[in-house]
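Trainee: So here's my_file_7.csv, just CSV, C-alpha atoms and all ligand atoms:
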```csv
chain,number,residue,atom,x,y,z
A,137,MET,CA,47.4,8.3,-18.8
A,138,ALA,CA,46.5,11.1,-16.5
A,139,THR,CA,43.2,12.8,-17.5
A,140,THR,CA,42.4,16.3,-16.6
A,141,LEU,CA,39.0,18.0,-16.6
A,142,GLU,CA,39.3,21.6,-17.8
A,143,VAL,CA,36.5,24.1,-17.7
A,144,LYS,CA,37.6,27.0,-20.0
A,145,ASP,CA,35.9,30.4,-20.0
A,146,VAL,CA,32.5,28.9,-19.6
A,147,SER,CA,29.4,31.2,-19.5
A,148,PHE,CA,25.9,30.0,-19.3
A,149,ARG,CA,22.3,31.2,-19.0
A,150,TYR,CA,19.0,29.4,-19.2
A,151,ALA,CA,17.0,30.6,-22.3
A,152,ASN,CA,17.2,34.4,-22.3
A,153,GLY,CA,17.5,34.7,-18.5
A,154,PRO,CA,20.3,36.3,-16.6
A,155,TRP,CA,23.8,34.9,-16.9
A,156,VAL,CA,24.2,32.2,-14.3
A,157,LEU,CA,27.9,31.5,-15.1
A,158,ASN,CA,30.2,34.2,-16.4
A,159,ASN,CA,33.6,33.3,-17.7
A,160,VAL,CA,34.3,30.4,-15.3
A,161,SER,CA,37.5,28.4,-15.6
A,162,LEU,CA,38.8,25.6,-13.4
A,163,THR,CA,40.9,22.5,-13.7
A,164,ILE,CA,40.5,19.2,-11.9
A,165,GLU,CA,43.5,17.0,-11.9
A,166,ASP,CA,43.3,13.2,-12.2
A,167,GLY,CA,42.0,11.6,-9.0
A,168,GLU,CA,41.7,15.0,-7.3
A,169,ARG,CA,39.1,15.7,-4.6
A,170,VAL,CA,37.7,19.2,-4.8
A,171,ALA,CA,34.8,20.9,-3.0
A,172,LEU,CA,32.8,23.7,-4.7
A,173,VAL,CA,31.2,25.9,-2.1
A,174,GLY,CA,29.3,29.1,-2.1
A,175,PRO,CA,25.9,30.6,-1.4
A,176,SER,CA,22.7,29.6,-3.2
A,177,GLY,CA,22.3,30.9,-6.7
A,178,TYR,CA,26.0,31.1,-7.7
A,179,GLY,CA,25.5,28.4,-10.3
A,180,LYS,CA,27.1,25.4,-8.6
A,181,SER,CA,24.5,22.9,-9.8
A,182,THR,CA,24.5,24.4,-13.3
A,183,LEU,CA,28.3,24.1,-13.4
A,184,ALA,CA,28.0,20.4,-12.3
A,185,LYS,CA,25.6,19.7,-15.1
A,186,ILE,CA,27.9,21.3,-17.6
A,187,MET,CA,31.0,19.4,-16.3
A,188,ALA,CA,29.0,16.1,-16.6
A,189,GLY,CA,27.9,17.0,-20.1
A,190,TYR,CA,24.2,17.3,-19.4
A,191,LEU,CA,24.2,21.0,-20.4
A,192,LYS,CA,26.1,22.7,-23.1
A,193,PRO,CA,27.9,25.9,-22.3
A,194,VAL,CA,26.7,29.0,-24.2
A,195,LYS,CA,30.3,30.2,-24.4
A,196,GLY,CA,33.5,28.4,-23.6
A,197,THR,CA,34.4,24.7,-23.5
A,198,VAL,CA,34.8,21.7,-21.2
A,199,LEU,CA,37.7,19.4,-22.1
A,200,TRP,CA,38.4,15.9,-20.9
A,201,GLY,CA,42.0,14.9,-21.5
A,202,GLY,CA,42.3,17.8,-24.0
A,203,LYS,CA,39.2,16.7,-26.0
A,204,ALA,CA,35.5,17.4,-25.9
A,205,LEU,CA,33.6,15.2,-23.5
A,206,PRO,CA,32.4,12.0,-25.2
A,207,LYS,CA,28.7,12.3,-26.3
A,208,ASP,CA,27.3,8.9,-27.1
A,209,GLU,CA,29.7,6.8,-25.0
A,210,TYR,CA,29.8,6.2,-21.3
A,211,ARG,CA,30.5,9.5,-19.6
A,212,PRO,CA,33.7,9.6,-17.5
A,213,VAL,CA,32.3,12.4,-15.4
A,214,GLN,CA,29.2,11.2,-13.6
A,215,LEU,CA,26.8,13.2,-11.5
A,216,VAL,CA,24.7,12.3,-8.5
A,217,TYR,CA,22.4,15.0,-7.2
A,218,GLN,CA,20.1,15.7,-4.3
A,219,HIS,CA,16.9,14.1,-5.6
A,220,PRO,CA,17.2,10.4,-6.2
A,221,GLU,CA,13.5,10.1,-6.8
A,222,LYS,CA,13.9,12.3,-9.9
A,223,ALA,CA,16.9,10.4,-11.2
A,224,LEU,CA,15.3,7.0,-11.2
A,225,ASN,CA,12.6,5.6,-13.6
A,226,SER,CA,9.5,5.2,-11.4
A,227,ARG,CA,8.2,2.4,-13.7
A,228,TRP,CA,11.3,0.2,-13.2
A,229,LYS,CA,11.9,-2.1,-10.3
A,230,MET,CA,15.2,-1.4,-8.6
A,231,LYS,CA,16.9,-4.4,-10.1
A,232,HIS,CA,16.0,-3.1,-13.5
A,233,SER,CA,17.6,0.3,-12.7
A,234,LEU,CA,20.8,-1.5,-11.8
A,235,ALA,CA,20.8,-3.7,-14.8
A,236,GLU,CA,20.1,-0.8,-17.2
A,237,ALA,CA,23.2,1.0,-15.8
A,238,GLY,CA,25.3,-2.3,-16.2
A,239,VAL,CA,25.7,-2.7,-12.5
A,240,GLN,CA,26.4,-6.4,-11.9
A,241,ASP,CA,29.1,-6.6,-9.3
A,242,PRO,CA,27.4,-8.0,-6.1
A,243,GLU,CA,30.2,-6.8,-4.0
A,244,ILE,CA,29.8,-3.1,-4.8
A,245,ILE,CA,26.0,-3.5,-4.4
A,246,ARG,CA,26.6,-4.9,-0.9
A,247,GLU,CA,29.3,-2.4,0.1
A,248,VAL,CA,27.1,0.6,-0.8
A,249,GLY,CA,24.5,-0.8,1.7
A,250,ILE,CA,21.8,-2.0,-0.8
A,251,ARG,CA,19.8,-4.9,0.8
A,252,GLU,CA,18.8,-7.8,-1.5
A,253,LYS,CA,15.1,-7.4,-0.7
A,254,TRP,CA,15.2,-3.8,-2.0
A,255,LEU,CA,16.0,-5.1,-5.6
A,256,GLU,CA,12.4,-6.4,-6.0
A,257,ARG,CA,10.9,-3.1,-5.0
A,258,TRP,CA,9.6,0.0,-7.0
A,259,PRO,CA,11.2,3.4,-6.3
A,260,ASN,CA,8.2,4.6,-4.3
A,261,GLU,CA,8.7,1.7,-1.9
A,262,LEU,CA,12.1,3.0,-0.7
A,263,SER,CA,13.3,5.9,1.4
A,264,GLY,CA,15.4,8.8,-0.1
A,265,GLY,CA,18.5,7.4,1.5
A,266,GLU,CA,17.9,3.9,0.2
A,267,LEU,CA,17.2,5.3,-3.3
A,268,GLN,CA,20.4,7.4,-3.2
A,269,ARG,CA,22.5,4.3,-2.8
A,270,PHE,CA,21.1,3.0,-6.1
A,271,CYS,CA,21.9,6.3,-7.8
A,272,LEU,CA,25.4,6.3,-6.5
A,273,VAL,CA,26.2,2.7,-7.5
A,274,ARG,CA,24.6,3.4,-11.0
A,275,ALA,CA,27.1,6.2,-11.4
A,276,LEU,CA,30.1,4.2,-10.4
A,277,GLY,CA,30.8,2.2,-13.6
A,278,GLU,CA,34.3,1.0,-14.3
A,279,GLN,CA,34.9,4.0,-16.6
A,280,THR,CA,33.8,6.7,-14.2
A,281,ARG,CA,36.9,8.9,-13.5
A,282,ILE,CA,35.2,11.7,-11.6
A,283,LEU,CA,32.1,11.5,-9.5
A,284,ILE,CA,30.3,14.8,-8.9
A,285,ALA,CA,28.3,14.7,-5.7
A,286,ASP,CA,25.9,17.6,-5.7
A,287,GLU,CA,24.4,17.8,-2.2
A,288,MET,CA,24.2,14.0,-2.6
A,289,THR,CA,23.7,13.2,1.1
A,290,THR,CA,21.9,16.4,2.2
A,291,MET,CA,18.6,14.7,2.9
A,292,LEU,CA,20.1,11.8,4.8
A,293,ASP,CA,20.6,11.4,8.6
A,294,ALA,CA,24.1,11.5,10.0
A,295,VAL,CA,24.5,7.7,10.1
A,296,ASN,CA,23.5,7.2,6.5
A,297,GLN,CA,25.6,10.2,5.4
A,298,ALA,CA,28.7,8.7,7.1
A,299,HIS,CA,28.1,5.2,5.6
A,300,ILE,CA,27.7,6.5,2.1
A,301,TRP,CA,30.8,8.7,2.3
A,302,GLN,CA,32.9,6.0,3.9
A,303,PHE,CA,32.0,3.7,1.0
A,304,LEU,CA,32.6,6.4,-1.6
A,305,LEU,CA,35.9,7.5,-0.3
A,306,SER,CA,37.2,3.9,-0.1
A,307,HIS,CA,35.9,3.2,-3.6
A,308,ALA,CA,37.6,6.4,-4.9
A,309,ASP,CA,40.8,5.3,-3.3
A,310,LYS,CA,40.7,1.9,-4.8
A,311,LYS,CA,39.9,3.2,-8.3
A,312,LYS,CA,42.0,6.4,-8.1
A,313,MET,CA,38.8,8.2,-9.0
A,314,GLY,CA,38.3,12.0,-8.5
A,315,ILE,CA,35.5,13.5,-6.6
A,316,ILE,CA,33.8,17.0,-7.0
A,317,LEU,CA,31.7,17.7,-4.0
A,318,ILE,CA,29.1,20.4,-4.0
A,319,THR,CA,27.9,21.3,-0.5
A,320,HIS,CA,26.9,23.9,2.0
A,321,ASN,CA,28.5,21.8,4.7
A,322,MET,CA,32.0,23.1,5.3
A,323,TYR,CA,32.8,20.3,7.7
A,324,LEU,CA,32.0,17.7,5.0
A,325,ALA,CA,34.0,19.7,2.4
A,326,LYS,CA,37.1,19.7,4.7
A,327,GLN,CA,36.7,16.0,5.4
A,328,VAL,CA,36.4,15.0,1.7
A,329,ALA,CA,38.4,17.5,-0.3
A,330,THR,CA,42.0,18.5,-0.5
A,331,ARG,CA,41.0,21.7,-2.4
A,332,ILE,CA,38.1,24.0,-1.7
A,333,ILE,CA,36.9,26.4,-4.4
A,334,ASP,CA,34.7,29.3,-3.4
A,335,VAL,CA,32.5,29.6,-6.5
A,336,PRO,CA,31.7,33.3,-6.2
A,337,SER,CA,35.4,33.9,-6.5
A,338,ILE,CA,35.5,32.2,-10.0
A,339,ASN,CA,32.1,33.2,-11.2
A,340,ASN,CA,31.6,36.9,-11.9
A,341,ILE,CA,27.9,37.3,-11.6
A,342,SER,CA,25.6,39.3,-9.3
A,343,VAL,CA,23.0,37.3,-7.5
A,344,ARG,CA,19.6,38.8,-6.9
A,345,THR,CA,18.5,37.5,-3.5
A,346,ASP,CA,14.8,38.1,-4.4
A,347,ASP,CA,15.3,35.4,-7.2
A,348,LEU,CA,16.2,32.7,-4.6
B,401,LIG,N1,16.3,25.0,-15.4
B,401,LIG,C1,16.4,26.3,-15.0
B,401,LIG,N2,15.8,27.2,-15.7
B,401,LIG,C2,15.9,28.5,-15.4
B,401,LIG,N3,16.7,29.0,-14.4
B,401,LIG,C3,17.4,28.1,-13.7
B,401,LIG,C4,17.2,26.7,-13.9
B,401,LIG,N4,18.0,26.0,-13.0
B,401,LIG,C5,18.6,26.9,-12.3
B,401,LIG,N5,18.2,28.2,-12.6
B,401,LIG,C6,18.7,29.5,-12.1
B,401,LIG,O1,20.1,29.5,-12.2
B,401,LIG,C7,20.6,30.1,-11.0
B,401,LIG,C8,21.7,29.2,-10.5
B,401,LIG,O2,21.1,28.0,-10.0
B,401,LIG,P1,22.0,26.8,-9.5
B,401,LIG,O3,21.0,25.7,-9.1
B,401,LIG,O4,23.0,26.4,-10.5
B,401,LIG,O5,22.7,27.4,-8.2
B,401,LIG,P2,23.4,26.8,-6.9
B,401,LIG,O6,24.6,27.6,-6.6
B,401,LIG,O7,23.6,25.3,-7.2
B,401,LIG,O8,22.3,27.0,-5.8
B,401,LIG,P3,22.0,26.1,-4.5
B,401,LIG,O9,23.2,26.2,-3.6
B,401,LIG,O10,20.7,26.7,-3.9
B,401,LIG,O11,21.7,24.7,-5.0
B,401,LIG,C9,19.5,30.4,-10.1
B,401,LIG,O12,19.2,31.7,-10.2
B,401,LIG,C10,18.4,29.5,-10.6
B,401,LIG,O13,17.1,30.1,-10.3
```
So that I can check it, write out the structure of this file as C-alpha cells.
Mentor:
Amino acid sequence: MATTLEVKDVSFRYANGPWVLNNVSLTIEDGERVALVGPSGYGKSTLAKIMAGYLKPVKGTVLWGGKALPKDEYRPVQLVYQHPEKALNSRWKMKHSLAEAGVQDPEIIREVGIREKWLERWPNELSGGELQRFCLVRALGEQTRILIADEMTTMLDAVNQAHIWQFLLSHADKKKMGIILITHNMYLAKQVATRIIDVPSINNISVRTDDL
C-alpha cells in the first residue's frame, strides 16, 4: 500500500521563543525524493525532527498513511544528521551500536563501506565520515520508508560523499524508499531529488539575521 507523509499546518517554537515554523504544509509521496533548501534559520532541521517524530508540533499534525506517526514502534521515517558523534553512544563499541539497531546483514555493512576492523573500535577512534556510515546503516532498517538526510555528508570530502550517496541511492532504488534531503548544496539537491522545495516559500516566518 502506498504510504504518504503529510505535514499539515504545522507551527513550532522552542519553549517561548519566536516561531520557527509557521503553518507549514507539505506532502511526500511514497518513494519520492525531495530536497528541502533555503537559508540558515528557516527551520529545515526543526522540520526534519518533526517529520521523524523527535519533536511534537505545537500546532498542526504529521500523518503517515493517514494516521499519527507510530510512537513506540520502529519509526518508518528515519533521520540522519550532520553530527554522527552526537548520534552514537560513546560508551558502546561500534559493533554494539549496530547490534542495538538490529543491523545484522553483512552485505549492507560492506556496501556502505564499513570495514570489519572498525567494528571493534570506540566512536572516538573513527573519523566523522567513518562514523556517519554507521549512523546511516543504523537508520536503514527493513521498515524504513523515508530517510531524511539533514546535511548528512556536509563534513565529508568529495570521494566519501560520492560513495555514501551512490550507496544510498542504489539502496533506495532497491527498497523503493523515499529520501528527504536537506542541503545548502544545490548541485547535490539536483542530483538526488526530483522535487526541490524552497523552505522560505512554505514557512511564513521572518528570520533575524543577528540570531544566526
Ligand atoms: N534546541 C533549540 N532551542 C532553541 N532554539 C533552537 C533550537 N534549535 C534550533 N533553534 C532555533 O530555531 C531556528 C531554526 O533552526 P533550524 O536549525 O531548524 O534551521 P535550519 O534552517 O535548519 O538552519 P541551518 O541551515 O543553519 O541548519 C533558529 O533560529 C535556531 O536558532
Trainee: Hey, which residues come within 9 Å of ligand LIG 401 (chain B) if we count all atoms listed in the file? Could you give them as a PyMOL selection string?
Mentor: chain A and resi 149-151+153-157+173-185+286-287+318-320+335+343-345+347-348
Trainee: Please return as an MDAnalysis selection string every residue within 12 Å of (32.4, 14.6, -2.9), taking into account only C-alpha atoms and the file's own coordinates.
Mentor: chainID A and resid 167:173 184 214:217 272 282:290 297 300:305 307:308 313:322 324:332
Trainee: Select, from A:Tyr210, A:Trp228, A:Phe148, A:Trp200, the residue with the minimum atom-to-atom distance to Ile186 in chain A, counting all atoms listed in the file.
Mentor: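 Ranked by minimum distance to Ile186 in chain A, first place goes to A:Phe148.
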Trainee: May I ask for the distance between CA of Glu261 in chain A and CA of Gly277 in chain A, given in Å to one decimal place?
Mentor: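 A separation of 25.0 Å between them.
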Trainee: Between CA of Ser226 in chain A and CA of Trp258 in chain A, measure the distance and give it in Å to one decimal.
Mentor: 6.8 Å
Trainee: Report the distance between CA of Arg274 in chain A and CA of Ile164 in chain A in Å, rounded to one decimal place.
Mentor: 22.4 Å
Trainee: With all atoms listed in the file as the basis for distance, which of A:Pro259, A:Gly249, A:Trp254, A:Ile338 is at the shortest distance from Asn225 in chain A?
Mentor: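 Answer, going by the shortest atom-to-atom distance: A:Pro259.
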Trainee: Closest to Pro220 in chain A among A:Gly265, A:Gly201, A:Pro206, A:Gly189, using all atoms listed in the file?
Mentor: A:Gly265
